[in-house]
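Here is the structure we will look at.
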Amino acid sequence: MLVSNRASTTFWHPFADMSAVNGHELVVASGQGARVRTQDGREYIDASAALWFNNVGHGRRELADAAAAQMMTLAAYSNFGDQATEPTLRLSDRLSALSPQEDCKVFFTSGGSDAVDTAVKMVRRYWWLKGQPDRTWIITRNRAYHGMHMAGTALAGIPANRDGHGDLDSRVRNIQWDSAAELAAVIDELGAEKVGAFFCEPVIGAGGIYAPPPGYLDEVRGICRDRGVLFVADEVITGYGRVGSMFASTRWALDPDLILTAKGLTSGYLPMGAVLVAGRIAEPFWNSPGVMWRHGYTYSGHATAAAVAMANLDVLERERLVERVVELQPVVARLLQPLSQHDAVHEVRAGVGLLGAVQVKPDVIAADPTFGPRLIGQLRERGVLTRMLADGSVQVSPPFVIGEDDLASIAGAIDEALAALGSIRRARPMLDVNLLPDQTSDEAGGFGSSDDRLLADVPPHHGG
Ligand SMILES: Cc1ncc(COP(=O)(O)O)c(C=O)c1O
């Protein structure tokens, strides 16, 4: 069976409808390369790199050895004040050198949401230190996902993620994801002297996998520069190779003030995030004698996580895995594109990095809200593990080590799964594979996963 046989669970799953998940957990027990095995011994292609983080593949002994060696030496120590641990210093130097920012300084966090929270505080504190304390407004794009701390929840471009948590930060404005003109208009309306930063996911991930329209990033970067607004690139997904360069900021020459990273930093072997800070932004923090920024986390720069990150970057570089993403980029597009011939498919988006989405038509989903989850169930039956985005897009974002045969199996499984649900594939002129706006994933609230048909038919955990 696909699910565990535990009648009930005490584990409160993140991003889950527990009324549906309780008693229906899929327990993933082991992994190797781009494949994982569940507790019942079934093998799956990991089509989503877990939650976009397992870039170097599962089962890397080198990373485990790095963790063990560091733990036997010194698992972790406080990095507050003047204290530091060795791997932390080494990793900081390495990230500073990797970053496209001039004179980059590195502020470590425990994950992506911490990085977002740190960035919001850093931006406001920066302007306060610069004598412009009114620059507190933050502008974000709709469809953007910026993590789940209170700051990130307020920044969310996905309304369902904000609902029901009381008053959030009111000095946040959300703009159309693809409109540079709206960014300029909103900054001018608020008054540039009141705007701290624009937070931008260069390629929107959890919000639906869509790339920036041509010229968009250049334009918004210019608008921010002209108006003195800081540019924050949220690269929690795109950082460390996912879009075929070490950072999206490198690929699109963004010169960001801050780059937020996590996931691929350790490939998820241990939790860790890092905010990469341009020297010009760090400057007032670093050169204000007697002024301490009272911010940091117990695990900021955790020694063992840092050692694992170093080993992870070693693998990435030695095996030229970012180059591998560049090679696979057109392969994903070529393999997924024919799926646009399915009458149930709205469009296929691929072609930027190791990312792809196959979106089911909204009217198909509207007529049958179980279609998406059942599609995921069909994929599981065919040995492919991924999730359904809430508008009905299948997420494709496997580990960088995936073989072309496994990529073809993912595409084949989606084809068969659609057919099993009654979709007919017609030879019609190929639609261009593109990256267009998309309504989002489970982060947007998901399907009605308590729907009776869903509970009856499919494993009800299609997200997270
Ligand atoms: C763009 C982006 N920012 C922030 C986050 C939050 O990261 P975390 O879940 O590690 O807190 C995510 C997580 O998916 C993300 O995709």
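Quick note on naming: the chains in the structure tokens go A, B, ... in the order shown, residues restart at 1 in each chain, and ligands are numbered from 1 in order of appearance.
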Taking only C-alpha atoms and all ligand atoms into account, produce a table as a tab-separated table in which each residue of chain A with an atom at most 9 Å from an atom of ligand 1 appears once, together with its shortest atom pair and the distance in Å to one decimal, ordered by chain and rising number.
```
residue	atom	partner	partner_atom_place_in_ligand_line	distance
A:Leu51	CA	ligand 1	14 (O)	6.8
A:Trp52	CA	ligand 1	14 (O)	7.4
A:Phe53	CA	ligand 1	14 (O)	8.7
A:Ser110	CA	ligand 1	10 (O)	7.6
A:Gly111	CA	ligand 1	10 (O)	4.1
A:Gly112	CA	ligand 1	7 (O)	3.2
A:Ser113	CA	ligand 1	11 (O)	3.5
A:Asp114	CA	ligand 1	11 (O)	6.2
A:Ala115	CA	ligand 1	4 (C)	7.4
A:Val116	CA	ligand 1	4 (C)	6.4
A:Ala144	CA	ligand 1	1 (C)	7.1
A:Tyr145	CA	ligand 1	1 (C)	5.3
A:His146	CA	ligand 1	3 (N)	3.9
A:Gly147	CA	ligand 1	6 (C)	3.4
A:Met148	CA	ligand 1	11 (O)	6.3
A:His149	CA	ligand 1	11 (O)	7.6
A:Gly152	CA	ligand 1	4 (C)	7.5
A:Cys200	CA	ligand 1	1 (C)	8.6
A:Glu201	CA	ligand 1	1 (C)	5.9
A:Pro202	CA	ligand 1	1 (C)	8.9
A:Val203	CA	ligand 1	1 (C)	8.5
A:Ile204	CA	ligand 1	1 (C)	7.0
A:Gly205	CA	ligand 1	16 (O)	5.9
A:Ala206	CA	ligand 1	16 (O)	5.6
A:Gly207	CA	ligand 1	16 (O)	8.4
A:Ala233	CA	ligand 1	1 (C)	8.9
A:Asp234	CA	ligand 1	1 (C)	5.3
A:Glu235	CA	ligand 1	1 (C)	5.8
A:Val236	CA	ligand 1	2 (C)	4.6
A:Ile237	CA	ligand 1	16 (O)	5.1
A:Thr238	CA	ligand 1	1 (C)	7.8
A:Leu260	CA	ligand 1	3 (N)	7.6
A:Thr261	CA	ligand 1	3 (N)	7.9
A:Ala262	CA	ligand 1	10 (O)	6.1
A:Lys263	CA	ligand 1	10 (O)	6.3
A:Pro271	CA	ligand 1	10 (O)	7.6
A:Met272	CA	ligand 1	10 (O)	7.9
A:Gly273	CA	ligand 1	10 (O)	7.3
```
Nearby residues (only C-alpha atoms) at most 9 Å from stretch 60-72 of chain A, same-chain spacing under 4 positions excluded, as a ChimeraX atom specification:
/A:32-33,56,76,87,266,269-270,303-312,315
Hey, what's within 9 Å of A:Asp93 if we count only C-alpha atoms and toss same-chain stuff fewer than 6 positions away? As a PyMOL selection string, please?
chain A and resi 104-106
Report as JSON lines the residues of stretch 336-373 of chain A within 12 Å of stretch 400-414 of chain A, each with its shortest atom pair and distance in Å (one decimal), using only C-alpha atoms, ordered by chain and increasing residue number.
```
{"residue": "A:Leu336", "atom": "CA", "partner": "A:Ala411", "partner_atom": "CA", "distance": 5.7}
{"residue": "A:Gln337", "atom": "CA", "partner": "A:Ala411", "partner_atom": "CA", "distance": 9.1}
{"residue": "A:Pro338", "atom": "CA", "partner": "A:Ala411", "partner_atom": "CA", "distance": 9.0}
{"residue": "A:Leu339", "atom": "CA", "partner": "A:Ala411", "partner_atom": "CA", "distance": 7.8}
{"residue": "A:Ser340", "atom": "CA", "partner": "A:Ile414", "partner_atom": "CA", "distance": 11.1}
{"residue": "A:His342", "atom": "CA", "partner": "A:Ile414", "partner_atom": "CA", "distance": 10.4}
{"residue": "A:Ala344", "atom": "CA", "partner": "A:Ile414", "partner_atom": "CA", "distance": 11.6}
{"residue": "A:Val345", "atom": "CA", "partner": "A:Ile414", "partner_atom": "CA", "distance": 10.7}
{"residue": "A:Val348", "atom": "CA", "partner": "A:Ala411", "partner_atom": "CA", "distance": 11.3}
{"residue": "A:Gly353", "atom": "CA", "partner": "A:Phe400", "partner_atom": "CA", "distance": 10.0}
{"residue": "A:Leu354", "atom": "CA", "partner": "A:Phe400", "partner_atom": "CA", "distance": 7.4}
{"residue": "A:Leu355", "atom": "CA", "partner": "A:Phe400", "partner_atom": "CA", "distance": 10.4}
{"residue": "A:Gly356", "atom": "CA", "partner": "A:Ala411", "partner_atom": "CA", "distance": 10.3}
{"residue": "A:Ala357", "atom": "CA", "partner": "A:Ala411", "partner_atom": "CA", "distance": 10.7}
{"residue": "A:Val358", "atom": "CA", "partner": "A:Ile414", "partner_atom": "CA", "distance": 8.6}
{"residue": "A:Gln359", "atom": "CA", "partner": "A:Ile414", "partner_atom": "CA", "distance": 11.0}
{"residue": "A:Val360", "atom": "CA", "partner": "A:Ile414", "partner_atom": "CA", "distance": 11.0}
{"residue": "A:Gly372", "atom": "CA", "partner": "A:Ile414", "partner_atom": "CA", "distance": 11.5}
```
Shell of 9 Å around stretch 159-176 of chain A, only C-alpha atoms, local chain residues under 6 positions omitted, as a list in words:
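Neighbouring residues, sequence-local ones excluded: Thr136, Trp137, Ile138, Ile139, Thr140, Arg141, Asn142, Arg143, Tyr145, Met148, Met150, Ala151, Thr153, Glu182, Leu183, Val186, Glu443, Ala444 and Gly445 of chain A.
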If you keep C-alpha atoms, can you produce a file of those selected residues as a PDB file, in the first residue's frame?
```
ATOM      1  CA  THR A 136       9.788  50.921   6.436  1.00  0.00           C
ATOM      2  CA  TRP A 137       7.449  49.926   3.586  1.00  0.00           C
ATOM      3  CA  ILE A 138       8.207  46.629   1.911  1.00  0.00           C
ATOM      4  CA  ILE A 139       6.886  45.800  -1.550  1.00  0.00           C
ATOM      5  CA  THR A 140       6.345  42.220  -2.695  1.00  0.00           C
ATOM      6  CA  ARG A 141       4.857  40.477  -5.737  1.00  0.00           C
ATOM      7  CA  ASN A 142       1.648  38.535  -5.735  1.00  0.00           C
ATOM      8  CA  ARG A 143       2.106  34.770  -6.048  1.00  0.00           C
ATOM      9  CA  TYR A 145       6.173  32.847  -1.220  1.00  0.00           C
ATOM     10  CA  MET A 148       6.046  31.306   7.147  1.00  0.00           C
ATOM     11  CA  MET A 150       5.279  36.490  10.797  1.00  0.00           C
ATOM     12  CA  ALA A 151       7.303  38.727   8.501  1.00  0.00           C
ATOM     13  CA  THR A 153       3.439  35.677   6.212  1.00  0.00           C
ATOM     14  CA  GLU A 182       3.197  48.930 -10.936  1.00  0.00           C
ATOM     15  CA  LEU A 183       6.356  48.779  -8.842  1.00  0.00           C
ATOM     16  CA  VAL A 186       3.532  52.130  -5.920  1.00  0.00           C
ATOM     17  CA  GLU A 443       0.419  27.101   0.008  1.00  0.00           C
ATOM     18  CA  ALA A 444      -2.596  28.852  -1.521  1.00  0.00           C
ATOM     19  CA  GLY A 445      -4.957  26.737   0.480  1.00  0.00           C
TER      20      GLY A 445
END
```
Selection near A:Ala47, 6 Å with only C-alpha atoms, sequence-local residues under 6 positions removed, as a ChimeraX atom specification
/A:385-386,396-398
Could you write out, as a ChimeraX atom specification, all the residues of stretch 139-206 of chain A that DSSP marks as alpha helix (DSSP H)?
/A:150-155,180-190
Residues from last step as file, C-alpha atoms, as an mmCIF file, in the first residue's frame:
```cif
data_model
loop_
_atom_site.group_PDB
_atom_site.id
_atom_site.type_symbol
_atom_site.label_atom_id
_atom_site.label_comp_id
_atom_site.auth_asym_id
_atom_site.auth_seq_id
_atom_site.Cartn_x
_atom_site.Cartn_y
_atom_site.Cartn_z
ATOM 1 C CA MET A 150 5.279 36.490 10.797
ATOM 2 C CA ALA A 151 7.303 38.727 8.501
ATOM 3 C CA GLY A 152 7.133 36.296 5.600
ATOM 4 C CA THR A 153 3.439 35.677 6.212
ATOM 5 C CA ALA A 154 2.817 39.403 5.909
ATOM 6 C CA LEU A 155 4.880 39.505 2.723
ATOM 7 C CA ALA A 180 7.430 46.646 -13.378
ATOM 8 C CA ALA A 181 5.238 49.681 -14.053
ATOM 9 C CA GLU A 182 3.197 48.930 -10.936
ATOM 10 C CA LEU A 183 6.356 48.779 -8.842
ATOM 11 C CA ALA A 184 7.341 52.248 -9.991
ATOM 12 C CA ALA A 185 3.810 53.561 -9.438
ATOM 13 C CA VAL A 186 3.532 52.130 -5.920
ATOM 14 C CA ILE A 187 6.927 53.463 -4.854
ATOM 15 C CA ASP A 188 5.966 56.872 -6.177
ATOM 16 C CA GLU A 189 2.572 56.715 -4.501
ATOM 17 C CA LEU A 190 4.004 55.757 -1.103
#
```
Coordinates-based distance that separates atom CA of A:Ala248 from atom CA of A:Glu193 (Å, one decimal):
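Answer for the atom CA of A:Glu193 to atom CA of A:Ala248 separation: 28.1 Å.
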Between A:Val325, A:Ala274, A:Ile376, A:Met292, which is the closest to A:Asp117 once you count only C-alpha atoms?
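Going through A:Val325, A:Ala274, A:Ile376, A:Met292 one by one, the smallest distance to A:Asp117 is for A:Ala274.
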Residue among A:Leu254, A:Val243, A:Leu129, A:Val120 lying closest to A:Phe199, counting only C-alpha atoms
A:Val120
Got a sec to tell me which of stretch 112-224 of chain A DSSP assigns to strand (DSSP E), as a PyMOL selection string?
chain A and resi 137-141+172-175+195-200
Can you write just those residues out, N, CA and C atoms, as a short mmCIF file (atom, residue, chain, number, x, y, z; two decimals), in the first residue's frame?
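Writing done, so here's again08.cif:
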```cif
data_model
loop_
_atom_site.label_atom_id
_atom_site.label_comp_id
_atom_site.auth_asym_id
_atom_site.auth_seq_id
_atom_site.Cartn_x
_atom_site.Cartn_y
_atom_site.Cartn_z
N TRP A 137 8.33 50.70 4.47
CA TRP A 137 7.45 49.93 3.59
C TRP A 137 8.25 48.87 2.83
N ILE A 138 7.61 47.71 2.70
CA ILE A 138 8.21 46.63 1.91
C ILE A 138 7.22 46.32 0.78
N ILE A 139 7.74 46.15 -0.41
CA ILE A 139 6.89 45.80 -1.55
C ILE A 139 7.21 44.37 -2.00
N THR A 140 6.16 43.61 -2.24
CA THR A 140 6.35 42.22 -2.69
C THR A 140 5.44 41.96 -3.91
N ARG A 141 5.66 40.83 -4.56
CA ARG A 141 4.86 40.48 -5.74
C ARG A 141 3.75 39.49 -5.35
N VAL A 172 3.19 46.69 4.24
CA VAL A 172 3.58 45.81 3.13
C VAL A 172 2.61 46.06 1.98
N ARG A 173 3.13 46.21 0.78
CA ARG A 173 2.27 46.34 -0.41
C ARG A 173 2.60 45.25 -1.40
N ASN A 174 1.56 44.64 -1.88
CA ASN A 174 1.69 43.53 -2.80
C ASN A 174 1.30 44.00 -4.20
N ILE A 175 2.16 43.74 -5.17
CA ILE A 175 1.88 44.23 -6.53
C ILE A 175 1.79 43.06 -7.51
N VAL A 195 9.90 53.92 1.42
CA VAL A 195 9.98 52.52 0.98
C VAL A 195 11.37 51.96 1.29
N GLY A 196 11.38 50.85 2.03
CA GLY A 196 12.66 50.24 2.41
C GLY A 196 13.21 49.32 1.34
N ALA A 197 12.36 48.42 0.84
CA ALA A 197 12.88 47.41 -0.08
C ALA A 197 11.79 46.78 -0.91
N PHE A 198 12.24 46.23 -2.02
CA PHE A 198 11.40 45.38 -2.87
C PHE A 198 11.93 43.96 -2.72
N PHE A 199 11.06 43.05 -2.27
CA PHE A 199 11.43 41.64 -2.14
C PHE A 199 10.98 40.91 -3.41
N CYS A 200 11.89 40.19 -4.02
CA CYS A 200 11.61 39.60 -5.33
C CYS A 200 12.15 38.18 -5.41
#
```
Using only C-alpha atoms: which of A:Gly81, A:Val123, A:Ile45, A:Pro399 has the shortest distance to A:Gly268:
A:Pro399
Could you jot down the atom CA of A:Asp368 to atom CA of A:Ala20 separation for me, Å, one decimal place?
17.6 Å
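Compared by their closest atoms to A:Ser249, and using only C-alpha atoms, the residues A:Pro14, A:Gly41, A:Pro100, A:Gly131 rank with A:Pro100 nearest.
With only C-alpha atoms as the basis for measurement, A:Met122 is the residue among A:Val384, A:Met122, A:Ala366, A:Leu265 that approaches A:Ile281 most closely.
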